[in-house]
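Report on the structure given below.
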Amino acid sequence: MFNLLWLSNYEEDLQQAFAVADKLLSAFPTSFSQPARDFLDKFHVMKEHRSKNYICYLLPFWLQEKSEVSSADCRKIAIANIFGMLYYHLIDDLMDNPDARFKHQLPLADLIHFEFMSIYREYFPTGSPFWSYFRKYVSEWADAVTHENSNNFFLEHPVRVAHKAAPVKLSVAAICLLSGQEQMIPLLEDNVDTVLITLQMLDDWMDWEKDLKEGSYNCLIALIQTKKQLPENQRPTPEEIRHAIYTEDILLEYALQVEAHHRSLETVRPNARHLYDFHEFLYQNVQQGANQIETDRKLLEKGGLEYWLSKKIINS
């Protein structure tokens with residue numbers, strides 16, 4: 001059974017954070033307020049069938065345990081990160097689809113970015129070291145999203161895969177500076193990067209068909225391309241990817257890499273227990289998926305009837 005305390009312990013805080021974010025968005029100019037609230041709703045962590053960017057808004061709470069930062073301040077930082085998440089989603093969408101149908105998308109992004117920055121300015125005046133970290137994370141993001149299709153990040157420099165979500169680490173800088181623990185920032189940055197790599201690996205496993213069609217960089221596709229020794233300008237076909245997944249055990253290799261990530265996170269357990277628990281949840285999902293494919297493959301090798309019977313027994 002999965003340990004979900006990393007989420008359930010903070011459900012009330014998250015409800016409050018999303019309620020405040022919705023209230024702030026409702027104060028936008030009339031032509032933007034409802035589209036902004038509708039966009040927020042797509043990511044509401046407590047609603048079904050929504051995109052769940054857990055680490056974006058839970059990281060402040062996961063870091064709170066070993067700090068003296070209040071729950072109220074953690075909620076404010078979570079709200080800032082909700083706005084940050086919305087902003088970067090809008091910008092990423094505009095980069096991927098320059099002819100986006102929603103012509104107000106860029107000004108909406110600017111309005112959301114203003115709210116994002118306003119909260120952090122409440123805590124960190126000009127001259128605070130926070131803004132150096134801010135620049136660092138935005139620079140990492142900018143470099144990653146600009147060059148991901150011209151470099152094999154996953155195999156050559158995996159941390160740059162994490163940098164696509166580098167602004168998530170603003171929570172690290174904020175909580176550590178507010179609690180007088182700036183010396184912890186480098187360790188926690190590295191740990192969050194590790195979790196972000198695993199998250200991207202999972203997303204890429206789920207989205208490989210879409211990414212292959214759109215020509216987007218994808219960790220799983222990059223791994224298979226390298227394994228098949230294909231030229232840089234030749235991506236594997238859908239059939240080659242399916243063969244790698246269902247016949248060549250490529251996901252077991254994926255799972256081994258996530259397991260290595262999980263071992264490296266042992267150092268963070270004393271300082272951010274729920275960050276470790278969240279990664280364990282991701283690792284268990286990857287491992288479970290890889291093992292299920294391996295089990296199905298072995299059953300199919302024994303014959304279709306045995307495979308059909310096993311599925312009937314499991315689902316009965």
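How things are named: the first chain in the structure tokens is A, the next is B, and so on; residues count from 1 in each chain; ligands count from 1 in the order shown.
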Next item on the list: Give the alpha helix (DSSP H) residues of range 70-142 of chain A, as assigned by DSSP on the backbone, as an NGL selection string.
Entry: :A and (71-96 or 105-123 or 130-142)
Within 10 Å of Glu294 in chain A using only C-alpha atoms, minus same-chain residues under 2 positions, as a PDB file with N, CA and C atoms, in the first residue's frame:
```pdb
ATOM      1  N   ILE A 245       9.445  -1.406 -24.928  1.00  0.00           N
ATOM      2  CA  ILE A 245       8.714  -1.410 -23.659  1.00  0.00           C
ATOM      3  C   ILE A 245       8.215  -2.806 -23.313  1.00  0.00           C
ATOM      4  N   TYR A 246       7.603  -3.475 -24.274  1.00  0.00           N
ATOM      5  CA  TYR A 246       6.896  -4.720 -23.975  1.00  0.00           C
ATOM      6  C   TYR A 246       7.709  -5.982 -24.234  1.00  0.00           C
ATOM      7  N   THR A 247       8.850  -5.853 -24.909  1.00  0.00           N
ATOM      8  CA  THR A 247       9.646  -7.040 -25.216  1.00  0.00           C
ATOM      9  C   THR A 247      11.074  -6.944 -24.703  1.00  0.00           C
ATOM     10  N   GLU A 248      11.644  -5.757 -24.699  1.00  0.00           N
ATOM     11  CA  GLU A 248      13.061  -5.604 -24.368  1.00  0.00           C
ATOM     12  C   GLU A 248      13.311  -5.112 -22.948  1.00  0.00           C
ATOM     13  N   ASP A 249      12.263  -5.020 -22.137  1.00  0.00           N
ATOM     14  CA  ASP A 249      12.409  -4.676 -20.710  1.00  0.00           C
ATOM     15  C   ASP A 249      13.056  -3.316 -20.472  1.00  0.00           C
ATOM     16  N   LEU A 251      11.720  -0.675 -19.473  1.00  0.00           N
ATOM     17  CA  LEU A 251      11.201  -0.049 -18.258  1.00  0.00           C
ATOM     18  C   LEU A 251      11.870  -0.590 -17.004  1.00  0.00           C
ATOM     19  N   LEU A 252      12.399  -1.814 -17.075  1.00  0.00           N
ATOM     20  CA  LEU A 252      13.165  -2.315 -15.931  1.00  0.00           C
ATOM     21  C   LEU A 252      14.438  -1.487 -15.751  1.00  0.00           C
ATOM     22  N   GLN A 288       6.225  -0.902 -10.058  1.00  0.00           N
ATOM     23  CA  GLN A 288       5.013  -1.694 -10.236  1.00  0.00           C
ATOM     24  C   GLN A 288       4.664  -1.813 -11.720  1.00  0.00           C
ATOM     25  N   GLY A 289       4.747  -0.705 -12.456  1.00  0.00           N
ATOM     26  CA  GLY A 289       4.443  -0.734 -13.879  1.00  0.00           C
ATOM     27  C   GLY A 289       5.409  -1.615 -14.649  1.00  0.00           C
ATOM     28  N   ALA A 290       6.708  -1.495 -14.352  1.00  0.00           N
ATOM     29  CA  ALA A 290       7.713  -2.300 -15.041  1.00  0.00           C
ATOM     30  C   ALA A 290       7.531  -3.786 -14.732  1.00  0.00           C
ATOM     31  N   ASN A 291       7.253  -4.090 -13.475  1.00  0.00           N
ATOM     32  CA  ASN A 291       7.063  -5.496 -13.083  1.00  0.00           C
ATOM     33  C   ASN A 291       5.821  -6.087 -13.729  1.00  0.00           C
ATOM     34  N   GLN A 292       4.756  -5.278 -13.852  1.00  0.00           N
ATOM     35  CA  GLN A 292       3.526  -5.785 -14.463  1.00  0.00           C
ATOM     36  C   GLN A 292       3.737  -6.113 -15.936  1.00  0.00           C
ATOM     37  N   ASP A 296       3.304  -9.787 -17.580  1.00  0.00           N
ATOM     38  CA  ASP A 296       2.436 -10.004 -18.739  1.00  0.00           C
ATOM     39  C   ASP A 296       3.212 -10.628 -19.896  1.00  0.00           C
ATOM     40  N   ARG A 297       4.439 -10.167 -20.089  1.00  0.00           N
ATOM     41  CA  ARG A 297       5.243 -10.706 -21.189  1.00  0.00           C
ATOM     42  C   ARG A 297       5.523 -12.193 -20.990  1.00  0.00           C
ATOM     43  N   LYS A 298       5.846 -12.572 -19.767  1.00  0.00           N
ATOM     44  CA  LYS A 298       6.143 -13.982 -19.489  1.00  0.00           C
ATOM     45  C   LYS A 298       4.898 -14.851 -19.660  1.00  0.00           C
ATOM     46  N   LEU A 299       3.746 -14.311 -19.255  1.00  0.00           N
ATOM     47  CA  LEU A 299       2.507 -15.067 -19.420  1.00  0.00           C
ATOM     48  C   LEU A 299       2.168 -15.243 -20.900  1.00  0.00           C
ATOM     49  N   LEU A 300       2.388 -14.193 -21.682  1.00  0.00           N
ATOM     50  CA  LEU A 300       2.119 -14.288 -23.114  1.00  0.00           C
ATOM     51  C   LEU A 300       3.039 -15.298 -23.787  1.00  0.00           C
TER      52      LEU A 300
END
```
Check: Leu90 in chain A: which residues within 9 Å, counting only C-alpha atoms, same-chain residues fewer than 3 positions away excluded, as a list in words?
Finding: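 In the requested form, the answer reads Met85, Leu86, Tyr87, Asp93, Leu94, Met95, Gln105, Leu106, Leu108 and Ala109 of chain A.
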Hey, could you make a per-residue contact list for range 138-222 of chain A against range 66-77 of chain A with 10 Å as the cut-off, showing the nearest pair of atoms and its distance in Å to one decimal, counting only C-alpha atoms, sorted by chain and number, as JSON lines?
```
{"residue": "A:Leu170", "atom": "CA", "partner": "A:Ile77", "partner_atom": "CA", "distance": 9.0}
{"residue": "A:Ser171", "atom": "CA", "partner": "A:Ile77", "partner_atom": "CA", "distance": 7.0}
{"residue": "A:Ala174", "atom": "CA", "partner": "A:Ile77", "partner_atom": "CA", "distance": 7.8}
{"residue": "A:Ile175", "atom": "CA", "partner": "A:Val69", "partner_atom": "CA", "distance": 6.9}
{"residue": "A:Cys176", "atom": "CA", "partner": "A:Ser67", "partner_atom": "CA", "distance": 7.5}
{"residue": "A:Leu177", "atom": "CA", "partner": "A:Val69", "partner_atom": "CA", "distance": 9.8}
{"residue": "A:Leu178", "atom": "CA", "partner": "A:Val69", "partner_atom": "CA", "distance": 6.7}
{"residue": "A:Ser179", "atom": "CA", "partner": "A:Ser67", "partner_atom": "CA", "distance": 5.6}
{"residue": "A:Gly180", "atom": "CA", "partner": "A:Ser67", "partner_atom": "CA", "distance": 8.5}
{"residue": "A:Gln181", "atom": "CA", "partner": "A:Ser67", "partner_atom": "CA", "distance": 8.1}
```
Check: So how far away is CA of Asp277 in chain A from CA of Ser8 in chain A, in Å?
Finding: 12.2 Å
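Between Pro167 in chain A and the residues A:Asn149, A:Asn191, A:Ser139, A:Asn271, the shortest atom-to-atom distance, using only C-alpha atoms, involves A:Ser139.
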Checklist line | Contacts of Asp204 in chain A at 9 Å (only C-alpha atoms; same-chain gap of 3+ positions) as an MDAnalysis selection string | finding: chainID A and resid 199:201 207:208 211 217:221
Mind dumping the selected residues with N, CA and C atoms as an mmCIF file, in the first residue's frame?
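As written to disk, again-v2.cif reads:
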```
data_model
loop_
_atom_site.group_PDB
_atom_site.id
_atom_site.type_symbol
_atom_site.label_atom_id
_atom_site.label_comp_id
_atom_site.auth_asym_id
_atom_site.auth_seq_id
_atom_site.Cartn_x
_atom_site.Cartn_y
_atom_site.Cartn_z
ATOM 1 N N LEU A 199 10.212 12.555 -11.710
ATOM 2 C CA LEU A 199 8.894 13.012 -12.165
ATOM 3 C C LEU A 199 8.848 13.152 -13.683
ATOM 4 N N GLN A 200 9.910 13.719 -14.257
ATOM 5 C CA GLN A 200 9.937 13.873 -15.713
ATOM 6 C C GLN A 200 10.005 12.520 -16.406
ATOM 7 N N MET A 201 10.740 11.580 -15.818
ATOM 8 C CA MET A 201 10.808 10.228 -16.382
ATOM 9 C C MET A 201 9.421 9.585 -16.407
ATOM 10 N N ASP A 207 3.656 9.958 -21.649
ATOM 11 C CA ASP A 207 3.373 10.858 -22.779
ATOM 12 C C ASP A 207 4.212 10.574 -24.020
ATOM 13 N N TRP A 208 4.854 9.409 -24.095
ATOM 14 C CA TRP A 208 5.802 9.219 -25.193
ATOM 15 C C TRP A 208 5.141 9.299 -26.570
ATOM 16 N N ASP A 211 4.627 12.998 -27.324
ATOM 17 C CA ASP A 211 5.907 13.663 -27.537
ATOM 18 C C ASP A 211 6.558 13.237 -28.845
ATOM 19 N N TYR A 217 11.236 16.633 -26.739
ATOM 20 C CA TYR A 217 12.220 15.778 -26.079
ATOM 21 C C TYR A 217 11.516 14.890 -25.064
ATOM 22 N N ASN A 218 11.958 13.633 -24.963
ATOM 23 C CA ASN A 218 11.333 12.676 -24.069
ATOM 24 C C ASN A 218 12.410 11.711 -23.584
ATOM 25 N N CYS A 219 12.524 11.542 -22.260
ATOM 26 C CA CYS A 219 13.583 10.718 -21.683
ATOM 27 C C CYS A 219 13.520 9.272 -22.172
ATOM 28 N N LEU A 220 12.322 8.699 -22.187
ATOM 29 C CA LEU A 220 12.173 7.305 -22.596
ATOM 30 C C LEU A 220 12.547 7.124 -24.067
ATOM 31 N N ILE A 221 12.076 8.033 -24.911
ATOM 32 C CA ILE A 221 12.414 7.966 -26.336
ATOM 33 C C ILE A 221 13.928 8.111 -26.524
#
```
Check: Hey, can you check how far CA of Ile112 in chain A sits from CA of Ala80 in chain A?
Finding: 9.7 Å
Check: So what do you get for CA of Phe83 in chain A versus CA of Leu63 in chain A, distance-wise?
Finding: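 Value for the CA of Phe83 in chain A-CA of Leu63 in chain A distance: 19.3 Å.
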Margin query: Please determine, counting only C-alpha atoms, which residue among A:Arg50, A:His147, A:Lys213, A:His274 has the shortest atom-to-atom distance to Asn3 in chain A.
Written below: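 Result for the nearest residue to Asn3 in chain A: A:His274.
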Check: Quick one: residues within 12 Å of Thr226 in chain A, only C-alpha atoms counted, chain neighbours fewer than 5 positions away excluded, as a list in words?
Finding: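 The contact residues come out as Asn152, Phe154, Leu155, Glu156, Cys219, Leu220, Ile221, Pro231, Glu232, Asn233, Gln234, Arg235, Pro236, Ile241, Ala244 and Ile250 of chain A.
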Next item on the list: Would you mind telling me which residue in A:Glu239, A:Glu259, A:Asp143, A:Asp203 lies nearest to Lys52 in chain A when using only C-alpha atoms?
Entry: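 Ranking A:Glu239, A:Glu259, A:Asp143, A:Asp203 by distance to Lys52 in chain A, first place goes to A:Asp203.
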Check: Hey, which of A:Gln64, A:Asn53, A:Thr237, A:Asn81 ends up closest to Ala17 in chain A? Count only C-alpha atoms.
Finding: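 Counting only C-alpha atoms, the residue closest to Ala17 in chain A is A:Asn81.
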Item checked: Selection: 8 Å around His262 in chain A, only C-alpha atoms, excl. self and same-chain fewer than 3 positions, as an MDAnalysis selection string -> chainID A and resid 258:259 265:266 276 279:280 283
Could you take the residues named above and write them with all heavy atoms, as a CSV table (one decimal), in the first residue's frame?
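Result written to again.csv:
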```
chain,number,residue,atom,x,y,z
A,258,VAL,N,15.5,4.9,-11.4
A,258,VAL,CA,14.7,5.6,-10.3
A,258,VAL,C,15.1,5.0,-8.9
A,258,VAL,O,15.2,5.7,-7.9
A,258,VAL,CB,13.2,5.4,-10.6
A,258,VAL,CG1,12.4,5.9,-9.4
A,258,VAL,CG2,12.8,6.1,-11.9
A,259,GLU,N,15.4,3.7,-8.9
A,259,GLU,CA,15.9,3.1,-7.6
A,259,GLU,C,17.2,3.8,-7.1
A,259,GLU,O,17.3,4.1,-6.0
A,259,GLU,CB,16.1,1.6,-7.8
A,259,GLU,CG,16.5,0.9,-6.5
A,259,GLU,CD,16.7,-0.6,-6.7
A,259,GLU,OE1,16.8,-1.0,-7.8
A,259,GLU,OE2,16.8,-1.3,-5.7
A,265,LEU,N,18.5,9.7,-2.1
A,265,LEU,CA,17.7,10.6,-1.3
A,265,LEU,C,17.7,10.2,0.2
A,265,LEU,O,17.1,10.9,0.9
A,265,LEU,CB,16.3,10.6,-1.9
A,265,LEU,CG,16.1,11.3,-3.2
A,265,LEU,CD1,14.7,11.1,-3.7
A,265,LEU,CD2,16.3,12.8,-3.0
A,266,GLU,N,18.4,9.2,0.5
A,266,GLU,CA,18.5,8.8,2.0
A,266,GLU,C,19.0,10.0,2.8
A,266,GLU,O,18.5,10.2,4.0
A,266,GLU,CB,19.4,7.6,2.2
A,266,GLU,CG,18.8,6.3,1.8
A,266,GLU,CD,17.7,5.8,2.7
A,266,GLU,OE1,17.6,6.4,3.9
A,266,GLU,OE2,17.0,4.9,2.4
A,276,TYR,N,11.1,12.7,0.7
A,276,TYR,CA,11.5,11.3,0.4
A,276,TYR,C,10.3,10.3,0.2
A,276,TYR,O,10.4,9.5,-0.7
A,276,TYR,CB,12.3,10.8,1.7
A,276,TYR,CG,12.8,9.4,1.6
A,276,TYR,CD1,14.0,9.1,1.0
A,276,TYR,CD2,12.1,8.4,2.1
A,276,TYR,CE1,14.5,7.8,0.9
A,276,TYR,CE2,12.5,7.1,2.0
A,276,TYR,CZ,13.7,6.8,1.4
A,276,TYR,OH,14.2,5.5,1.3
A,279,HIS,N,8.9,10.7,-3.2
A,279,HIS,CA,9.7,10.0,-4.2
A,279,HIS,C,9.6,8.5,-4.1
A,279,HIS,O,9.5,7.8,-5.2
A,279,HIS,CB,11.2,10.3,-4.1
A,279,HIS,CG,12.0,9.8,-5.2
A,279,HIS,ND1,12.6,8.6,-5.3
A,279,HIS,CD2,12.3,10.4,-6.5
A,279,HIS,CE1,13.3,8.4,-6.4
A,279,HIS,NE2,13.1,9.5,-7.1
A,280,GLU,N,9.4,8.0,-2.9
A,280,GLU,CA,9.1,6.5,-2.8
A,280,GLU,C,7.8,6.2,-3.5
A,280,GLU,O,7.7,5.1,-4.1
A,280,GLU,CB,9.0,6.2,-1.3
A,280,GLU,CG,8.9,4.7,-1.1
A,280,GLU,CD,9.0,4.3,0.4
A,280,GLU,OE1,8.5,5.0,1.2
A,280,GLU,OE2,9.8,3.3,0.7
A,283,TYR,N,8.7,6.0,-7.1
A,283,TYR,CA,9.5,4.8,-7.4
A,283,TYR,C,8.6,3.6,-7.4
A,283,TYR,O,8.8,2.7,-8.3
A,283,TYR,CB,10.6,4.7,-6.3
A,283,TYR,CG,11.3,3.4,-6.3
A,283,TYR,CD1,11.8,2.8,-7.4
A,283,TYR,CD2,11.5,2.7,-5.1
A,283,TYR,CE1,12.5,1.6,-7.4
A,283,TYR,CE2,12.1,1.5,-5.0
A,283,TYR,CZ,12.7,1.0,-6.2
A,283,TYR,OH,13.3,-0.2,-6.2
```
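Using only C-alpha atoms for every distance, the candidate list A:Asp96, A:Ala21, A:Val172, A:Cys56 yields A:Val172 as the residue closest to Met184 in chain A.
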